[in-house]
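Colleague: Right, I'll just put the structure down here and ask away after.
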Amino acid sequence: MNETKKDIVVVGGGYAGFYAAWNLEKTLRPDEARITVIDPRPYMTYQPFLPEVMAGSVEARHAAVSLRRHLRRTRIVAGSVTRVEHARKTVVVRPPDGDDVELGYDVVVITAGAVTRTFPVPGIAEQAIGMKHVEEAVAIRDTLLTAFDRAALLPPGPERRRLLTVTFVGGGFSGVEGFGELLSLATSLLRAYPELTAQDVSFHLVEAAGRILPEVTDGPGRWVVRAFEARGAHVHLNTQVLSAVGGHVVLSTGVEFDSELIVWAAGNAANPVVARHTDLPVDERGLVRVRADLRVGTEDAPVADAWAAGDDAAVPDLATDAPGRRTVPNAQHAVRQGRHLAANIAAVLRGQEPRDYRHASLGVVATLGLGQGVFQYRRIVVTGFPAWVMHRGYHVLAVPTWERKVRVAAVWVSAVLFGRDIVSLASVQRPREAFVTGGAPRPR
């Protein structure tokens, strides 16, 4: 047995964790390290595709990259890390079944990712759906399609309006992209439902700040608001949701309405395992303190054998002169940090010096629905159809593995030729119902 072989444990199989493990496999020989990735889901979610999963432009499975298929030399542990004890070099893992287990390591990589930020708004926990995972995107799509089926059987009135009212809370990139794609789907659905009209459909985007898309400048942000309003949507700026009990939405401006579908996209919060259940140093936001070379710690006090990257790491942004600036928690940084982290771990294991992480933004691009988008790189702004094409081109290149690139491109081509698939599979959430009832209607 090789006594110098290191056990490397990666906590989290998202962007940063997947790319870190993938590149560690490519960089380190089998006799140098054993790699383990711990995540409750057996796949990496390519989150930029979630809005298109909602709209039926991308198949749900194509937004998920199998960890076992692509990490051939990595041990995949399906479970949730509940504690990281670096003093003992141990992580505590909670599997789906059975008792918690402890796994030892020589090197730990913290890439657990962020969680959805929530607020104690009455009714949100019971009514809203998040949009951070594939399952949530599918549920949002099926809820809208089912609502159209139900509304088509009703006469004009409050119940029909409630079924066809959609509310998104949060005007960041994920909220705006999801809002635009679902609005595009709803508009296209009207052609298949002659019983319904555009006046029956109501979309609301609620944002607490005075603008949407903080990642772009004011001009493109205002253009997106105007584009949504021109498509019949309502954008509520400087507004908060005060209550959503029973689907009855009450806004801080005094506006009230009933909404069948409420999507919560109000930003990210620190992963509670990282923020409260580790002896690694964290900042006031609950993020792991990270040096520029992605080692945990500060410039004066690095923590040996501990690394972190992605949304749960406070990585210094060396591409800007602003003191204390941290890299933006987005996929663009997470992918590159994962690769860089792997290279630095390999360098340290081989007695070399790690390099600092530095990446200047390549710009931001967002889809706003079929044929609509916005792109900004410094002072260059592109809107409309060209930006939408740029969005699709960028993400088909960015999604990992050629297998996924081909599958996604094929779905896009088929959608151009045959249109979106508008079948709801909400019944998969109750797979035994038909068997148990024998096809009889459910009792009211």
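Chain labels run A, B, ... following the order of the structure tokens; each chain numbers its residues from 1, and ligands are numbered from 1 in the order shown.
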Determine, counting only C-alpha atoms, which protein, DNA and RNA residues have an atom within 10 Å of an atom of range 81-83 of chain A; residues of the same chain fewer than 6 positions away are not included. Present the result as an MDAnalysis selection string.

Modeller: chainID A and resid 11:12 38:40 90:95 100:103 112 272:274 276:279

Colleague: Pick out the closest residue to Ala360 in chain A from this set: A:Phe228, A:Trp264, A:Phe179, A:Tyr377. Count only C-alpha atoms.

Modeller: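 The shortest atom-to-atom distance to Ala360 in chain A comes from A:Tyr377.
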
Colleague: Considering only C-alpha atoms, can you say which of A:Arg73, A:Arg41, A:Arg295, A:Lys6 comes closest to Val109 in chain A?

Modeller: A:Arg295

Colleague: With a distance cut-off of 7 Å and only C-alpha atoms, select the neighbouring residues of Pro42 in chain A, excluding the residue or stretch itself and same-chain residues fewer than 5 positions from it, and output the selection as number ranges by chain.

Modeller: A: 66-67, 78

Colleague: DSSP on the backbone, then: every residue of range 55-84 of chain A marked strand (DSSP E or B), written as a PyMOL selection string.

Modeller: chain A and resi 64-66+74-78+80-84

Colleague: Restricting the output to C-alpha atoms, write the selected residues as a short mmCIF file (atom, residue, chain, number, x, y, z; two decimals), in the first residue's frame.

Modeller:
```cif
data_model
loop_
_atom_site.label_atom_id
_atom_site.label_comp_id
_atom_site.auth_asym_id
_atom_site.auth_seq_id
_atom_site.Cartn_x
_atom_site.Cartn_y
_atom_site.Cartn_z
CA ALA A 64 -28.22 17.23 -14.84
CA VAL A 65 -24.73 15.76 -15.27
CA SER A 66 -24.29 12.33 -13.71
CA THR A 74 -14.04 9.07 -7.79
CA ARG A 75 -16.03 7.46 -5.00
CA ILE A 76 -19.52 8.99 -4.92
CA VAL A 77 -21.20 9.08 -1.50
CA ALA A 78 -24.93 9.84 -1.65
CA SER A 80 -25.56 15.07 3.29
CA VAL A 81 -22.58 16.33 5.23
CA THR A 82 -23.84 17.51 8.63
CA ARG A 83 -20.50 18.54 10.13
CA VAL A 84 -16.89 19.16 9.12
#
```

Colleague: Run DSSP on the backbone and tell me which residues of range 68-180 of chain A come out as helix (DSSP H, G or I); list them as a PDB file with C-alpha atoms, in the first residue's frame.

Modeller:
```pdb
ATOM      1  CA  ARG A  68     -20.928   8.494 -11.473  1.00  0.00           C
ATOM      2  CA  ARG A  69     -20.810   8.532 -15.261  1.00  0.00           C
ATOM      3  CA  HIS A  70     -18.197  11.262 -15.557  1.00  0.00           C
ATOM      4  CA  ILE A 124     -44.354  31.262   1.473  1.00  0.00           C
ATOM      5  CA  ALA A 125     -43.140  28.008   3.027  1.00  0.00           C
ATOM      6  CA  GLU A 126     -46.498  26.378   2.221  1.00  0.00           C
ATOM      7  CA  GLN A 127     -47.148  27.875  -1.235  1.00  0.00           C
ATOM      8  CA  VAL A 134     -34.150  20.313 -11.562  1.00  0.00           C
ATOM      9  CA  GLU A 135     -37.048  18.900  -9.571  1.00  0.00           C
ATOM     10  CA  GLU A 136     -38.251  22.420  -8.777  1.00  0.00           C
ATOM     11  CA  ALA A 137     -38.029  23.530 -12.413  1.00  0.00           C
ATOM     12  CA  VAL A 138     -40.100  20.519 -13.501  1.00  0.00           C
ATOM     13  CA  ALA A 139     -42.669  21.179 -10.777  1.00  0.00           C
ATOM     14  CA  ILE A 140     -43.006  24.819 -11.877  1.00  0.00           C
ATOM     15  CA  ARG A 141     -43.576  23.772 -15.485  1.00  0.00           C
ATOM     16  CA  ASP A 142     -46.101  21.075 -14.576  1.00  0.00           C
ATOM     17  CA  THR A 143     -47.970  23.445 -12.250  1.00  0.00           C
ATOM     18  CA  LEU A 144     -48.394  25.993 -15.055  1.00  0.00           C
ATOM     19  CA  LEU A 145     -49.479  23.399 -17.622  1.00  0.00           C
ATOM     20  CA  THR A 146     -51.954  21.833 -15.192  1.00  0.00           C
ATOM     21  CA  ALA A 147     -53.326  25.279 -14.361  1.00  0.00           C
ATOM     22  CA  PHE A 148     -54.024  25.920 -18.059  1.00  0.00           C
ATOM     23  CA  ASP A 149     -55.889  22.603 -18.325  1.00  0.00           C
ATOM     24  CA  ARG A 150     -58.018  23.432 -15.292  1.00  0.00           C
ATOM     25  CA  ALA A 151     -58.653  27.054 -16.300  1.00  0.00           C
ATOM     26  CA  PRO A 158     -61.832  34.937 -10.121  1.00  0.00           C
ATOM     27  CA  GLU A 159     -60.974  31.211 -10.121  1.00  0.00           C
ATOM     28  CA  ARG A 160     -59.746  31.272 -13.715  1.00  0.00           C
ATOM     29  CA  ARG A 161     -57.693  34.407 -12.997  1.00  0.00           C
ATOM     30  CA  ARG A 162     -56.159  32.767  -9.910  1.00  0.00           C
ATOM     31  CA  LEU A 163     -55.130  29.662 -11.837  1.00  0.00           C
ATOM     32  CA  PHE A 173     -30.579  36.646 -12.815  1.00  0.00           C
ATOM     33  CA  SER A 174     -32.327  33.395 -11.902  1.00  0.00           C
ATOM     34  CA  GLY A 175     -35.627  35.097 -11.124  1.00  0.00           C
ATOM     35  CA  VAL A 176     -35.605  37.244 -14.260  1.00  0.00           C
ATOM     36  CA  GLU A 177     -34.616  34.361 -16.546  1.00  0.00           C
ATOM     37  CA  GLY A 178     -37.222  32.047 -15.039  1.00  0.00           C
ATOM     38  CA  PHE A 179     -39.863  34.759 -15.260  1.00  0.00           C
ATOM     39  CA  GLY A 180     -39.081  35.509 -18.911  1.00  0.00           C
TER      40      GLY A 180
END
```

Colleague: At a cut-off of 7 Å, using only C-alpha atoms, what residues contact range 205-215 of chain A? Leave out same-chain residues fewer than 3 positions from it and give the result as a list in words.

Modeller: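 Near neighbours after the sequence-gap exclusion: Thr167, Phe168, Val169, Gly170, Gly171, Gly172, Phe173, Gly221, His234, Val235, His236, Leu237, Asn238, Thr239 and Gln240 of chain A.
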
Colleague: May I have the residues within 8 Å of Val365 in chain A as number ranges by chain, using only C-alpha atoms and disregarding those fewer than 2 positions away in the same chain?

Modeller: A: 363, 367, 373-376, 387, 390-391

Colleague: Using only C-alpha atoms, determine which residues lie at most 10 Å from Glu32 in chain A, disregarding the query and same-chain residues fewer than 2 positions distant; provide the list as a compact mmCIF listing (two decimals) with N, CA and C atoms, in the first residue's frame.

Modeller:
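And here is the file that came out, selection_32.txt:
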```txt
# COMPACT_ATOMS: atom_id res chain seq x y z
N ASN A 2 0.53 2.25 -0.78
CA ASN A 2 1.29 3.49 -0.86
C ASN A 2 0.90 4.40 0.29
N GLU A 3 1.82 4.60 1.26
CA GLU A 3 1.50 5.39 2.45
C GLU A 3 1.36 6.87 2.12
N THR A 4 1.87 7.32 0.97
CA THR A 4 1.79 8.73 0.62
C THR A 4 0.50 9.06 -0.12
N LYS A 5 -0.30 8.06 -0.42
CA LYS A 5 -1.55 8.28 -1.13
C LYS A 5 -2.51 9.05 -0.24
N LYS A 6 -3.06 10.14 -0.77
CA LYS A 6 -3.89 11.03 0.02
C LYS A 6 -5.38 10.78 -0.23
N ASP A 7 -6.15 10.88 0.85
CA ASP A 7 -7.60 10.83 0.74
C ASP A 7 -8.12 12.27 0.62
N THR A 27 -5.48 15.18 -13.28
CA THR A 27 -4.16 15.70 -12.90
C THR A 27 -3.36 14.73 -12.04
N LEU A 28 -4.06 14.05 -11.11
CA LEU A 28 -3.37 13.16 -10.18
C LEU A 28 -3.41 11.71 -10.64
N ARG A 29 -2.33 11.00 -10.44
CA ARG A 29 -2.29 9.57 -10.75
C ARG A 29 -3.08 8.79 -9.70
N PRO A 30 -3.56 7.61 -10.05
CA PRO A 30 -4.30 6.80 -9.07
C PRO A 30 -3.49 6.50 -7.82
N ARG A 34 -6.89 9.22 -3.48
CA ARG A 34 -8.24 8.67 -3.57
C ARG A 34 -9.20 9.83 -3.42
N ILE A 35 -10.12 9.97 -4.35
CA ILE A 35 -11.02 11.13 -4.37
C ILE A 35 -12.43 10.67 -4.01
N ALA A 346 -2.97 19.60 -6.60
CA ALA A 346 -1.95 18.73 -7.21
C ALA A 346 -0.56 19.33 -7.03
N LEU A 349 0.56 18.85 -3.35
CA LEU A 349 0.89 17.45 -3.08
C LEU A 349 2.23 17.06 -3.68
N ARG A 350 2.62 17.75 -4.74
CA ARG A 350 3.90 17.45 -5.41
C ARG A 350 5.02 18.39 -4.99
```

Colleague: For CA of Ala20 in chain A and CA of Leu287 in chain A, quote the distance in Å rounded to one decimal.

Modeller: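 Computing the Euclidean distance for CA of Ala20 in chain A and CA of Leu287 in chain A yields 18.6 Å.
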
Colleague: Residues near Gly419 in chain A, anyone? I mean within 10 Å using only C-alpha atoms, not counting same-chain ones fewer than 4 positions away, as an MDAnalysis selection string.

Modeller: chainID A and resid 56:57 188 412:415

Colleague: Counting only C-alpha atoms, which residue out of A:Gln372, A:Pro122, A:Val250, A:Val364 sits closest to Tyr394 in chain A?

Modeller: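 Of A:Gln372, A:Pro122, A:Val250, A:Val364, the one nearest Tyr394 in chain A is A:Val364, counting only C-alpha atoms.
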
Colleague: Counting only C-alpha atoms, figure out which residue out of A:Leu196, A:Ala265, A:Leu153, A:Leu24 gets nearest to Val115 in chain A.

Modeller: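 Result for the nearest residue to Val115 in chain A: A:Ala265.
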
Colleague: What does the distance from CA of His133 in chain A to CA of Ala227 in chain A come to in Å, to one decimal?

Modeller: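 CA of His133 in chain A sits 27.1 Å away from CA of Ala227 in chain A.
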
Colleague: I need the residue nearest Thr111 in chain A from this list: A:Ala304, A:Pro386, A:Val290, A:Pro400. Use only C-alpha atoms for the distance.

Modeller: A:Val290

Colleague: Separation of CA of Asn344 in chain A and CA of Asp293 in chain A, in Å?

Modeller: 7.5 Å
